[in-house]
file final.txt (compact mmCIF, C-alpha atoms)
# COMPACT_ATOMS: atom_id res chain seq x y z
CA MET C 1 0.00 0.00 0.00
CA THR C 2 1.39 3.41 -0.93
CA ASP C 3 1.69 6.42 1.36
CA ALA C 4 -1.29 8.01 -0.35
CA GLN C 5 -3.46 4.93 0.04
CA GLU C 6 -2.52 4.53 3.70
CA THR C 7 -3.26 8.18 4.37
CA ALA C 8 -6.63 7.92 2.68
CA ALA C 9 -7.44 4.89 4.81
CA ASP C 10 -6.58 6.75 8.01
CA VAL C 11 -9.84 8.51 8.83
CA SER C 12 -8.19 10.44 11.68
CA LEU C 13 -6.42 12.59 9.06
CA ARG C 14 -9.58 13.59 7.24
CA THR C 15 -11.97 16.44 7.65
CA THR C 16 -13.93 15.43 4.54
CA GLY C 17 -14.90 12.07 3.12
CA GLY C 18 -13.61 10.15 0.14
CA GLY C 19 -10.34 8.54 -0.89
CA PRO C 20 -7.66 9.74 -3.27
CA PRO C 21 -8.78 10.38 -6.85
CA ASP C 22 -7.79 8.37 -9.87
CA ASP C 23 -4.42 9.03 -11.51
CA GLY C 24 -6.06 11.43 -13.93
CA GLY C 25 -6.63 14.06 -11.24
CA SER C 26 -9.01 15.15 -8.57
CA SER C 27 -12.62 14.14 -8.98
CA GLY C 28 -15.09 16.99 -8.98
CA ALA C 29 -17.46 14.87 -6.84
CA GLU C 30 -14.98 14.38 -4.01
CA ALA C 31 -13.56 17.10 -1.82
CA PRO C 32 -9.78 17.02 -1.35
CA ILE C 33 -8.52 15.56 1.93
CA PRO C 34 -6.46 17.84 4.19
CA LEU C 35 -3.21 16.29 5.41
CA LEU C 36 -3.00 17.29 9.04
CA GLU C 37 -0.24 15.11 10.51
CA PRO C 38 2.67 13.04 9.16
CA ARG C 39 1.88 9.33 9.30
CA GLU C 40 4.48 8.51 11.97
CA GLY C 41 4.13 11.89 13.68
CA ILE C 42 6.71 14.67 13.60
CA PRO C 43 10.17 13.11 13.73
CA PRO C 44 12.83 14.58 16.02
CA VAL C 45 15.25 16.99 14.36
CA ILE C 46 18.61 15.35 13.75
CA ALA C 47 21.23 17.65 15.25
CA ASP C 48 24.23 15.49 16.21
CA GLU C 49 26.55 13.02 14.51
CA ALA C 50 25.29 9.94 16.36
CA ALA C 51 21.68 10.53 15.31
CA LEU C 52 22.83 11.37 11.79
CA ALA C 53 24.67 8.05 11.55
CA GLU C 54 21.44 6.23 12.44
CA VAL C 55 19.55 8.14 9.73
CA ILE C 56 22.23 7.35 7.15
CA ALA C 57 22.00 3.63 7.99
CA ALA C 58 18.20 3.66 7.85
CA PHE C 59 18.02 5.44 4.50
CA ALA C 60 20.75 3.28 3.00
CA ALA C 61 18.65 0.24 3.95
CA GLY C 62 15.41 1.75 2.59
CA THR C 63 13.89 0.89 -0.77
CA GLY C 64 12.81 2.82 -3.84
CA PRO C 65 13.17 6.54 -4.56
CA VAL C 66 13.90 9.04 -1.81
CA ALA C 67 11.89 12.26 -1.45
CA VAL C 68 14.15 15.24 -0.69
CA ASP C 69 13.36 18.84 0.20
CA ALA C 70 15.26 21.73 1.77
CA GLU C 71 14.18 24.90 3.54
CA ARG C 72 16.15 28.14 3.20
CA ALA C 73 15.85 31.51 4.92
CA SER C 74 15.51 33.69 1.84
CA GLY C 75 14.76 37.27 2.80
CA TYR C 76 16.20 36.75 6.27
CA ARG C 77 19.77 35.47 5.90
CA TYR C 78 22.63 36.09 3.51
CA GLY C 79 22.90 33.56 0.71
CA GLN C 80 20.79 30.51 -0.01
CA ARG C 81 22.10 27.92 2.46
CA ALA C 82 19.84 25.16 3.73
CA TYR C 83 18.50 25.40 7.27
CA LEU C 84 16.49 22.19 7.25
CA VAL C 85 16.67 19.08 5.05
CA GLN C 86 13.72 16.70 4.84
CA LEU C 87 13.83 13.17 3.45
CA ARG C 88 11.42 10.27 3.18
CA ARG C 89 11.98 6.76 1.85
CA ALA C 90 10.10 3.49 2.07
CA GLY C 91 11.48 1.45 4.93
CA ALA C 92 13.15 4.49 6.52
CA GLY C 93 10.26 6.87 7.19
CA THR C 94 10.80 10.63 7.37
CA ALA C 95 13.89 12.42 8.64
CA LEU C 96 14.35 16.10 9.46
CA ILE C 97 18.02 17.13 9.58
CA ASP C 98 19.50 20.38 10.88
CA PRO C 99 22.35 21.21 8.48
CA VAL C 100 23.58 23.95 10.81
CA ALA C 101 24.33 21.40 13.53
CA CYS C 102 25.32 18.77 10.93
CA PRO C 103 26.93 20.79 8.13
CA ASP C 104 28.50 17.82 6.33
CA LEU C 105 25.86 15.49 4.87
CA SER C 106 28.20 13.93 2.30
CA GLY C 107 27.89 10.58 4.11
CA LEU C 108 24.13 10.68 3.56
CA GLY C 109 24.64 11.72 -0.03
CA GLU C 110 26.99 8.78 -0.59
CA ALA C 111 24.54 6.37 1.05
CA LEU C 112 21.90 7.49 -1.46
CA SER C 113 24.24 7.37 -4.48
CA GLY C 114 22.50 5.66 -7.37
CA VAL C 115 19.08 6.13 -5.74
CA GLU C 116 16.57 8.30 -7.58
CA TRP C 117 15.97 11.53 -5.65
CA VAL C 118 12.50 13.05 -5.96
CA LEU C 119 12.46 16.84 -5.65
CA HIS C 120 9.95 19.54 -6.49
CA ALA C 121 11.57 22.38 -8.48
CA ALA C 122 14.95 20.69 -8.19
CA THR C 123 17.03 23.58 -9.50
CA GLN C 124 15.97 25.68 -6.49
CA ASP C 125 17.21 23.17 -3.90
CA LEU C 126 20.20 21.56 -5.61
CA PRO C 127 22.64 24.47 -5.00
CA CYS C 128 22.07 24.49 -1.23
CA LEU C 129 22.11 20.68 -1.09
CA ARG C 130 25.39 20.62 -2.99
CA GLU C 131 26.92 22.95 -0.37
CA ILE C 132 26.35 20.32 2.33
CA GLY C 133 27.55 17.36 0.27
CA MET C 134 24.27 16.05 -1.14
CA ILE C 135 24.51 15.60 -4.91
CA PRO C 136 22.08 13.25 -6.70
CA SER C 137 23.18 11.08 -9.60
CA ARG C 138 19.55 10.50 -10.64
CA LEU C 139 16.48 12.62 -9.97
CA PHE C 140 12.80 13.09 -10.75
CA ASP C 141 11.52 16.67 -10.64
CA THR C 142 7.79 16.69 -9.95
CA GLU C 143 7.38 20.37 -10.88
CA LEU C 144 9.10 19.92 -14.25
CA ALA C 145 7.14 16.72 -14.81
CA GLY C 146 3.95 18.70 -14.27
CA ARG C 147 5.03 21.32 -16.80
CA ILE C 148 5.85 18.72 -19.44
CA ALA C 149 2.56 16.95 -18.76
CA GLY C 150 0.67 20.22 -19.29
CA PHE C 151 -0.65 20.91 -15.79
CA PRO C 152 -1.75 24.57 -15.53
CA ARG C 153 -0.59 24.90 -11.87
CA VAL C 154 2.64 23.20 -10.86
CA GLY C 155 3.25 24.38 -7.28
CA LEU C 156 3.63 21.46 -4.88
CA GLY C 157 0.32 22.14 -3.13
CA ALA C 158 -1.58 22.44 -6.41
CA MET C 159 0.02 19.27 -7.79
CA VAL C 160 -0.64 17.18 -4.68
CA GLU C 161 -4.26 18.36 -4.64
CA GLY C 162 -4.86 18.03 -8.37
CA VAL C 163 -3.13 14.68 -8.84
CA LEU C 164 -3.52 12.89 -5.49
CA GLY C 165 -6.52 14.66 -3.98
CA PHE C 166 -4.88 15.89 -0.78
CA VAL C 167 -4.44 19.40 0.58
CA LEU C 168 -1.06 20.46 1.95
CA GLU C 169 -0.93 23.32 4.43
CA LYS C 170 1.46 25.90 2.92
CA GLY C 171 1.41 28.62 5.55
CA HIS C 172 5.07 28.35 6.58
CA SER C 173 6.85 28.43 3.22
CA ALA C 174 8.26 31.95 3.71
CA VAL C 175 9.19 31.86 7.41
CA ASP C 176 12.69 32.33 8.81
CA TRP C 177 13.99 28.77 8.78
CA SER C 178 17.20 29.85 10.55
CA THR C 179 15.10 30.17 13.75
CA ARG C 180 16.24 27.83 16.52
CA PRO C 181 14.54 25.88 17.91
CA LEU C 182 12.15 25.43 15.00
CA PRO C 183 8.51 25.62 16.13
CA GLU C 184 6.49 22.41 15.99
CA PRO C 185 4.00 23.71 13.35
CA TRP C 186 6.91 24.47 11.03
CA LEU C 187 8.35 20.99 11.52
CA ARG C 188 4.94 19.46 10.81
CA TYR C 189 4.73 21.48 7.59
CA ALA C 190 8.26 20.42 6.60
CA ALA C 191 7.56 16.73 7.20
CA LEU C 192 4.33 16.86 5.21
CA ASP C 193 6.18 18.37 2.24
CA VAL C 194 7.88 15.01 1.63
CA GLU C 195 5.02 12.80 2.85
CA LEU C 196 3.49 12.20 -0.59
CA LEU C 197 6.29 13.31 -2.91
CA VAL C 198 7.09 9.77 -4.08
CA ASP C 199 3.37 9.09 -4.64
CA LEU C 200 3.20 12.25 -6.74
CA ARG C 201 6.24 11.07 -8.68
CA ASP C 202 4.62 7.70 -9.41
CA ALA C 203 1.36 9.28 -10.57
CA LEU C 204 3.17 11.77 -12.80
CA GLU C 205 5.29 9.01 -14.31
CA LYS C 206 2.12 7.20 -15.33
CA GLU C 207 0.63 10.37 -16.79
CA LEU C 208 3.78 11.20 -18.74
CA ASP C 209 3.90 7.65 -20.07
CA ARG C 210 0.24 7.86 -21.10
CA GLN C 211 0.99 11.08 -23.03
CA GLY C 212 4.10 9.62 -24.66
CA LYS C 213 6.30 12.17 -22.89
CA LEU C 214 8.08 10.05 -20.27
CA GLU C 215 11.32 9.77 -22.23
CA TRP C 216 11.28 13.55 -22.73
CA ALA C 217 11.01 14.12 -18.99
CA LEU C 218 13.76 11.61 -18.21
CA GLN C 219 16.10 13.45 -20.58
CA GLU C 220 15.32 16.70 -18.80
CA PHE C 221 15.95 15.14 -15.39
CA ASP C 222 19.29 13.72 -16.58
CA ALA C 223 20.28 17.17 -17.86
CA ILE C 224 19.56 18.74 -14.46
CA ALA C 225 21.42 16.03 -12.54
CA SER C 226 24.49 16.26 -14.77
CA ALA C 227 24.62 20.07 -15.03
CA PRO C 228 27.69 21.68 -13.42
CA PRO C 229 27.23 24.32 -10.71
CA ALA C 230 26.16 27.67 -12.10
CA GLU C 231 28.91 30.20 -12.74
CA PRO C 232 28.88 33.26 -10.46
CA ARG C 233 26.77 36.00 -12.00
CA LYS C 234 28.82 38.76 -13.63
CA ASP C 235 28.14 42.25 -12.28
CA PRO C 236 25.29 41.18 -9.97
CA TRP C 237 24.79 44.81 -8.93
CA ARG C 238 23.20 45.42 -12.33
CA ARG C 239 20.19 43.39 -11.17
CA THR C 240 19.27 46.03 -8.58
CA SER C 241 15.53 46.60 -8.78
CA GLY C 242 14.77 49.94 -10.42
CA MET C 243 17.98 50.08 -12.48
CA HIS C 244 15.99 51.17 -15.54
CA LYS C 245 15.80 54.65 -13.98
CA VAL C 246 19.59 54.98 -13.79
CA ARG C 247 20.93 56.43 -17.04
CA ARG C 248 24.24 58.18 -16.38
CA ARG C 249 27.53 56.37 -15.84
CA ARG C 250 28.29 58.29 -12.63
CA GLN C 251 24.93 57.18 -11.27
CA LEU C 252 25.72 53.59 -12.26
CA ALA C 253 28.93 53.88 -10.26
CA VAL C 254 26.92 54.91 -7.19
CA VAL C 255 24.68 51.85 -7.57
CA LYS C 256 27.74 49.61 -7.85
CA GLU C 257 29.51 51.10 -4.82
CA LEU C 258 26.41 51.03 -2.62
CA TRP C 259 25.47 47.50 -3.74
CA GLU C 260 28.95 46.17 -3.00
CA ALA C 261 29.12 47.93 0.37
CA ARG C 262 25.71 46.53 1.29
CA ASP C 263 26.76 43.04 0.20
CA ARG C 264 29.88 43.09 2.39
CA ILE C 265 27.86 44.21 5.41
CA ALA C 266 25.09 41.67 4.78
CA GLN C 267 27.60 38.85 4.41
CA ARG C 268 29.41 39.84 7.60
CA ARG C 269 26.17 40.08 9.57
CA ASP C 270 24.58 37.07 7.83
CA VAL C 271 21.39 38.91 6.99
CA SER C 272 19.50 39.43 3.76
CA PRO C 273 20.96 42.42 1.84
CA GLY C 274 17.48 43.92 1.59
CA LYS C 275 17.39 44.20 5.39
CA VAL C 276 20.60 46.24 5.33
CA LEU C 277 19.56 48.69 2.61
CA SER C 278 16.73 48.48 0.10
CA ASP C 279 17.21 48.49 -3.65
CA ALA C 280 14.91 51.51 -3.81
CA ALA C 281 17.23 53.44 -1.48
CA ILE C 282 20.27 52.57 -3.61
CA VAL C 283 18.57 53.83 -6.75
CA GLU C 284 17.36 56.97 -4.94
CA ALA C 285 20.92 57.80 -3.88
CA ALA C 286 22.25 57.12 -7.37
CA LEU C 287 19.78 59.52 -8.94
CA ALA C 288 20.35 62.24 -6.34
CA LEU C 289 24.17 61.98 -6.04
CA PRO C 290 24.10 63.51 -2.51
CA VAL C 291 27.13 65.61 -1.63
CA ASN C 292 27.09 64.93 2.12
CA VAL C 293 25.45 62.98 4.92
CA HIS C 294 22.74 65.61 5.45
CA ALA C 295 21.66 65.42 1.79
CA LEU C 296 21.72 61.60 1.96
CA ALA C 297 19.58 61.55 5.11
CA ALA C 298 16.88 63.52 3.32
CA LEU C 299 16.38 60.77 0.73
CA ASN C 300 13.79 57.99 0.91
CA GLY C 301 15.30 54.91 2.52
CA PHE C 302 17.80 56.88 4.63
CA GLY C 303 15.36 58.26 7.17
CA HIS C 304 15.50 58.91 10.91
CA ARG C 305 16.01 55.22 11.73
CA THR C 306 19.38 55.22 9.96
CA GLY C 307 22.15 55.94 12.47
CA ARG C 308 24.92 58.45 11.90
CA ARG C 309 27.53 55.74 11.46
CA GLN C 310 25.41 53.95 8.87
CA LEU C 311 24.80 57.18 6.97
CA GLU C 312 28.53 57.84 6.92
CA GLN C 313 29.31 54.43 5.45
CA TRP C 314 26.70 54.89 2.72
CA GLN C 315 27.94 58.41 1.98
CA ALA C 316 31.49 57.05 1.76
CA ALA C 317 30.31 54.68 -0.98
CA VAL C 318 28.64 57.56 -2.83
CA ASP C 319 31.83 59.63 -2.46
CA ARG C 320 33.92 56.81 -3.91
CA ALA C 321 31.71 56.82 -6.99
CA ARG C 322 31.81 60.60 -7.22
CA GLY C 323 35.61 60.50 -7.11
CA LEU C 324 36.14 58.02 -9.94
CA ALA C 325 37.82 59.20 -13.11
CA GLU C 326 35.66 59.12 -16.23
CA VAL C 327 37.49 56.06 -17.63
CA GLN C 328 36.76 54.15 -14.40
CA LEU C 329 32.99 54.54 -14.60
CA PRO C 330 30.95 51.45 -15.52
CA GLN C 331 29.48 51.24 -18.99
CA PRO C 332 25.70 51.61 -19.36
CA GLY C 333 25.19 48.00 -20.37
CA GLN C 334 26.94 44.67 -20.07
CA PRO C 335 28.86 43.37 -23.11
CA VAL C 336 26.36 41.49 -25.26
CA THR C 337 27.20 37.94 -26.22
CA GLY C 338 25.03 36.46 -28.93
CA PRO C 339 22.16 38.15 -30.74
CA PRO C 340 21.08 41.72 -29.98
CA PRO C 341 17.73 42.34 -28.26
CA PRO C 342 14.90 41.23 -30.60
CA ARG C 343 13.45 44.76 -30.69
CA ALA C 344 16.58 45.85 -32.60
CA TRP C 345 16.43 43.10 -35.22
CA ALA C 346 14.15 44.91 -37.65
CA ASP C 347 16.73 47.69 -38.03
CA LYS C 348 19.89 45.60 -37.88
CA ASP C 349 18.77 42.61 -39.98
CA PRO C 350 15.21 42.60 -41.36
CA ALA C 351 15.64 39.08 -42.77
CA ALA C 352 16.61 37.76 -39.32
CA ALA C 353 13.62 39.57 -37.80
CA ALA C 354 11.35 37.82 -40.28
CA ARG C 355 12.92 34.46 -39.47
CA LEU C 356 12.45 35.04 -35.75
CA SER C 357 8.81 36.04 -36.19
CA ALA C 358 8.08 32.91 -38.20
CA ALA C 359 10.01 30.69 -35.80
CA ARG C 360 8.29 32.08 -32.70
CA ALA C 361 4.86 31.52 -34.21
CA ALA C 362 5.76 27.97 -35.27
CA VAL C 363 7.27 27.02 -31.90
CA SER C 364 4.30 28.54 -30.06
CA ALA C 365 1.85 26.51 -32.17
CA LEU C 366 3.86 23.33 -31.60
CA ALA C 367 4.00 23.91 -27.83
CA GLU C 368 0.25 24.43 -27.76
CA SER C 369 -0.33 21.21 -29.70
CA LEU C 370 1.91 19.33 -27.25
CA ASN C 371 0.19 20.98 -24.27
CA MET C 372 3.30 22.32 -22.58
CA PRO C 373 4.88 25.73 -21.92
CA GLN C 374 6.87 27.03 -24.85
CA GLU C 375 10.00 27.56 -22.74
CA ASN C 376 10.00 23.88 -21.77
CA LEU C 377 9.74 22.83 -25.40
CA ILE C 378 12.79 24.93 -26.34
CA THR C 379 14.36 27.96 -24.68
CA PRO C 380 13.62 31.32 -26.32
CA ASP C 381 17.35 32.10 -26.33
CA THR C 382 18.06 28.98 -28.40
CA VAL C 383 15.46 30.01 -30.97
CA ARG C 384 16.90 33.53 -31.15
CA ARG C 385 20.45 32.29 -31.69
CA VAL C 386 19.47 29.91 -34.48
CA CYS C 387 17.43 32.60 -36.20
CA TRP C 388 20.16 35.24 -35.89
CA GLU C 389 22.88 32.99 -37.31
CA PRO C 390 21.17 30.11 -39.12
CA PRO C 391 23.23 27.34 -40.78
CA SER C 392 24.54 28.32 -44.21
CA VAL C 393 22.55 25.44 -45.66
CA VAL C 394 19.21 24.98 -43.91
CA SER C 395 18.33 21.32 -43.50
CA ALA C 396 17.05 18.99 -40.83
CA GLU C 397 20.62 17.84 -40.17
CA SER C 398 22.15 21.33 -39.93
CA VAL C 399 19.35 22.80 -37.80
CA GLY C 400 19.32 19.76 -35.54
CA ALA C 401 23.08 20.04 -35.08
CA ALA C 402 22.74 23.75 -34.28
CA LEU C 403 20.08 23.04 -31.65
CA ALA C 404 22.14 20.27 -30.07
CA GLY C 405 25.19 22.54 -30.02
CA LEU C 406 23.17 25.07 -28.02
CA GLY C 407 22.25 22.46 -25.40
CA ALA C 408 18.87 21.23 -26.65
CA ARG C 409 18.08 17.67 -25.59
CA ALA C 410 17.50 14.93 -28.16
CA TRP C 411 13.72 15.03 -27.73
CA GLN C 412 13.69 18.81 -28.23
CA VAL C 413 15.80 18.50 -31.38
CA GLU C 414 13.40 15.89 -32.73
CA GLN C 415 10.29 17.95 -32.03
CA VAL C 416 11.51 21.44 -32.91
CA THR C 417 13.76 20.84 -35.91
CA PRO C 418 10.96 20.40 -38.51
CA VAL C 419 9.18 23.64 -37.57
CA LEU C 420 12.42 25.62 -37.43
CA VAL C 421 13.52 24.29 -40.82
CA ALA C 422 10.21 25.49 -42.27
CA ALA C 423 10.52 28.90 -40.57
CA LEU C 424 14.13 29.43 -41.64
CA SER C 425 13.36 28.39 -45.18
CA ALA C 426 10.28 30.59 -45.57
call {"tool": "encode", "arguments": {"input": "final.txt", "output": "structure tokens"}}
result
Amino acid sequence: MTDAQETAADVSLRTTGGGPPDDGGSSGAEAPIPLLEPREGIPPVIADEAALAEVIAAFAAGTGPVAVDAERASGYRYGQRAYLVQLRRAGAGTALIDPVACPDLSGLGEALSGVEWVLHAATQDLPCLREIGMIPSRLFDTELAGRIAGFPRVGLGAMVEGVLGFVLEKGHSAVDWSTRPLPEPWLRYAALDVELLVDLRDALEKELDRQGKLEWALQEFDAIASAPPAEPRKDPWRRTSGMHKVRRRRQLAVVKELWEARDRIAQRRDVSPGKVLSDAAIVEAALALPVNVHALAALNGFGHRTGRRQLEQWQAAVDRARGLAEVQLPQPGQPVTGPPPPRAWADKDPAAAARLSAARAAVSALAESLNMPQENLITPDTVRRVCWEPPSVVSAESVGAALAGLGARAWQVEQVTPVLVAALSA
């Protein structure tokens, strides 16, 4: 009996009648069943090496896929480290691990080597899991599976309700998971997040197979599991919210200096940068170019709550930007690699603009016929690059090779090549 079937049979967990729906989704005649408690109760938080060793042994001896989730403290702490790791596997039950107390989980990762890990929105959790030594060799992403299968809502709660007929309580998703000790309601929420993840995986596998898309999804999962860690973002200060208002190079320099000063302080204090100084305040200072602390204090975001010492450190950053020589000022935009923005194509290369228009329409129609988001069928950047610099001889072989060279998976090449050949040849 699966987790979902056992939960449905346990009337103490229900507030409404009825069992889980068929694999095709929630039945309109049956109300979804709220999940109120983990089956074995809330497990104790693993916070020492002896308890961790017991968990590693139990999960190594378990069977089948392992459900994995991680909770971060986005908006509260600096960076994206994990503050709680949840796992569930048949034969091992559920484990909640404190990666602050147990920062090296490589032993657990090794014990689960070769096991399929089931995650929801895997690319969000893999970086923080990698930091603590947990790197899957195989995975199943239930969110991505839902996208490929054509589900209109792919959040975990929506998927569990729509596919399995259960309601997950999602009230603690944005709390400060660095809090210690973690409150019991948060731990209950965390345990329930992995309670039915393997059941969801099994149901989605059946649905993907029914639609003839299972091999497509498996290729996507393999690509995620084998992808190297992301390169550090170049000039991250350019992503400051409100940057579109900043036009002059001297103002850009102020944004850069303030952003970097804020980042150093946030990292040292281990708090979210936005709690140190808001993006809006950075942009306000860049536009105003204040000449002293008094002028800075008059700006939005630098009000009466900002202490004298803080104002002085922000003004010092502004002064550094004001003192730069002209040749030291940042350029208005980052160096462009690849095609220019599509809005410029009509002027720069009308033929390329026509190719892109035809290709976008064809890819959009194909995605609609396959009942999946266009960006999951093929990335917009890949389409732009092929249209900007198409093969000298347009054929199925040359276009397919171009797509593969840009990172498209085999299933994407097979599906998209015919429509791109037609668009590029039009």
call {"tool": "closest_residue", "arguments": {"input": "final.txt", "among": "C:Asp347, C:Pro44, C:Arg77, C:Ile33", "to": "Lys275 (chain C)", "atoms": "only C-alpha atoms"}}
result
C:Arg77
call {"tool": "residues_around", "arguments": {"input": "final.txt", "residues": "Pro340 (chain C)", "least_positions_apart": "6", "cutoff": "12 Å", "atoms": "all atoms listed in the file", "output": "count of residues only"}}
result
13
call {"tool": "residues_around", "arguments": {"input": "final.txt", "residues": "Asp319 (chain C)", "least_positions_apart": "6", "cutoff": "9 Å", "atoms": "only C-alpha atoms", "output": "PyMOL selection string"}}
result
chain C and resi 254+289-292
call {"tool": "closest_residue", "arguments": {"input": "final.txt", "among": "C:Ala149, C:Val421, C:Leu156, C:Leu406", "to": "Ala367 (chain C)", "atoms": "all atoms listed in the file"}}
result
C:Ala149
call {"tool": "closest_residue", "arguments": {"input": "final.txt", "among": "C:Ala351, C:Leu324, C:Val416, C:Val55", "to": "Ala365 (chain C)", "atoms": "only C-alpha atoms"}}
result
C:Val416
call {"tool": "axis_aligned_box", "arguments": {"input": "final.txt", "around": "region 30-35 of chain C", "padding_each_side": "6 Å", "output": "JSON"}}
result
{"center_x": -9.1, "center_y": 16.1, "center_z": 0.7, "size_x": 23.8, "size_y": 15.5, "size_z": 21.4}
call {"tool": "residues_around", "arguments": {"input": "final.txt", "residues": "Gln412 (chain C)", "least_positions_apart": "5", "cutoff": "10 Å", "atoms": "all atoms listed in the file", "output": "list in words"}}
result
Trp216, Gln219, Glu220, Asn376, Leu377, Ile378, Thr379, Gly400, Leu403, Ala404, Gly407 and Thr417 of chain C
call {"tool": "atom_distance", "arguments": {"input": "final.txt", "atom1": "CA of Arg188 (chain C)", "atom2": "CA of Ala95 (chain C)"}}
result
11.6 Å
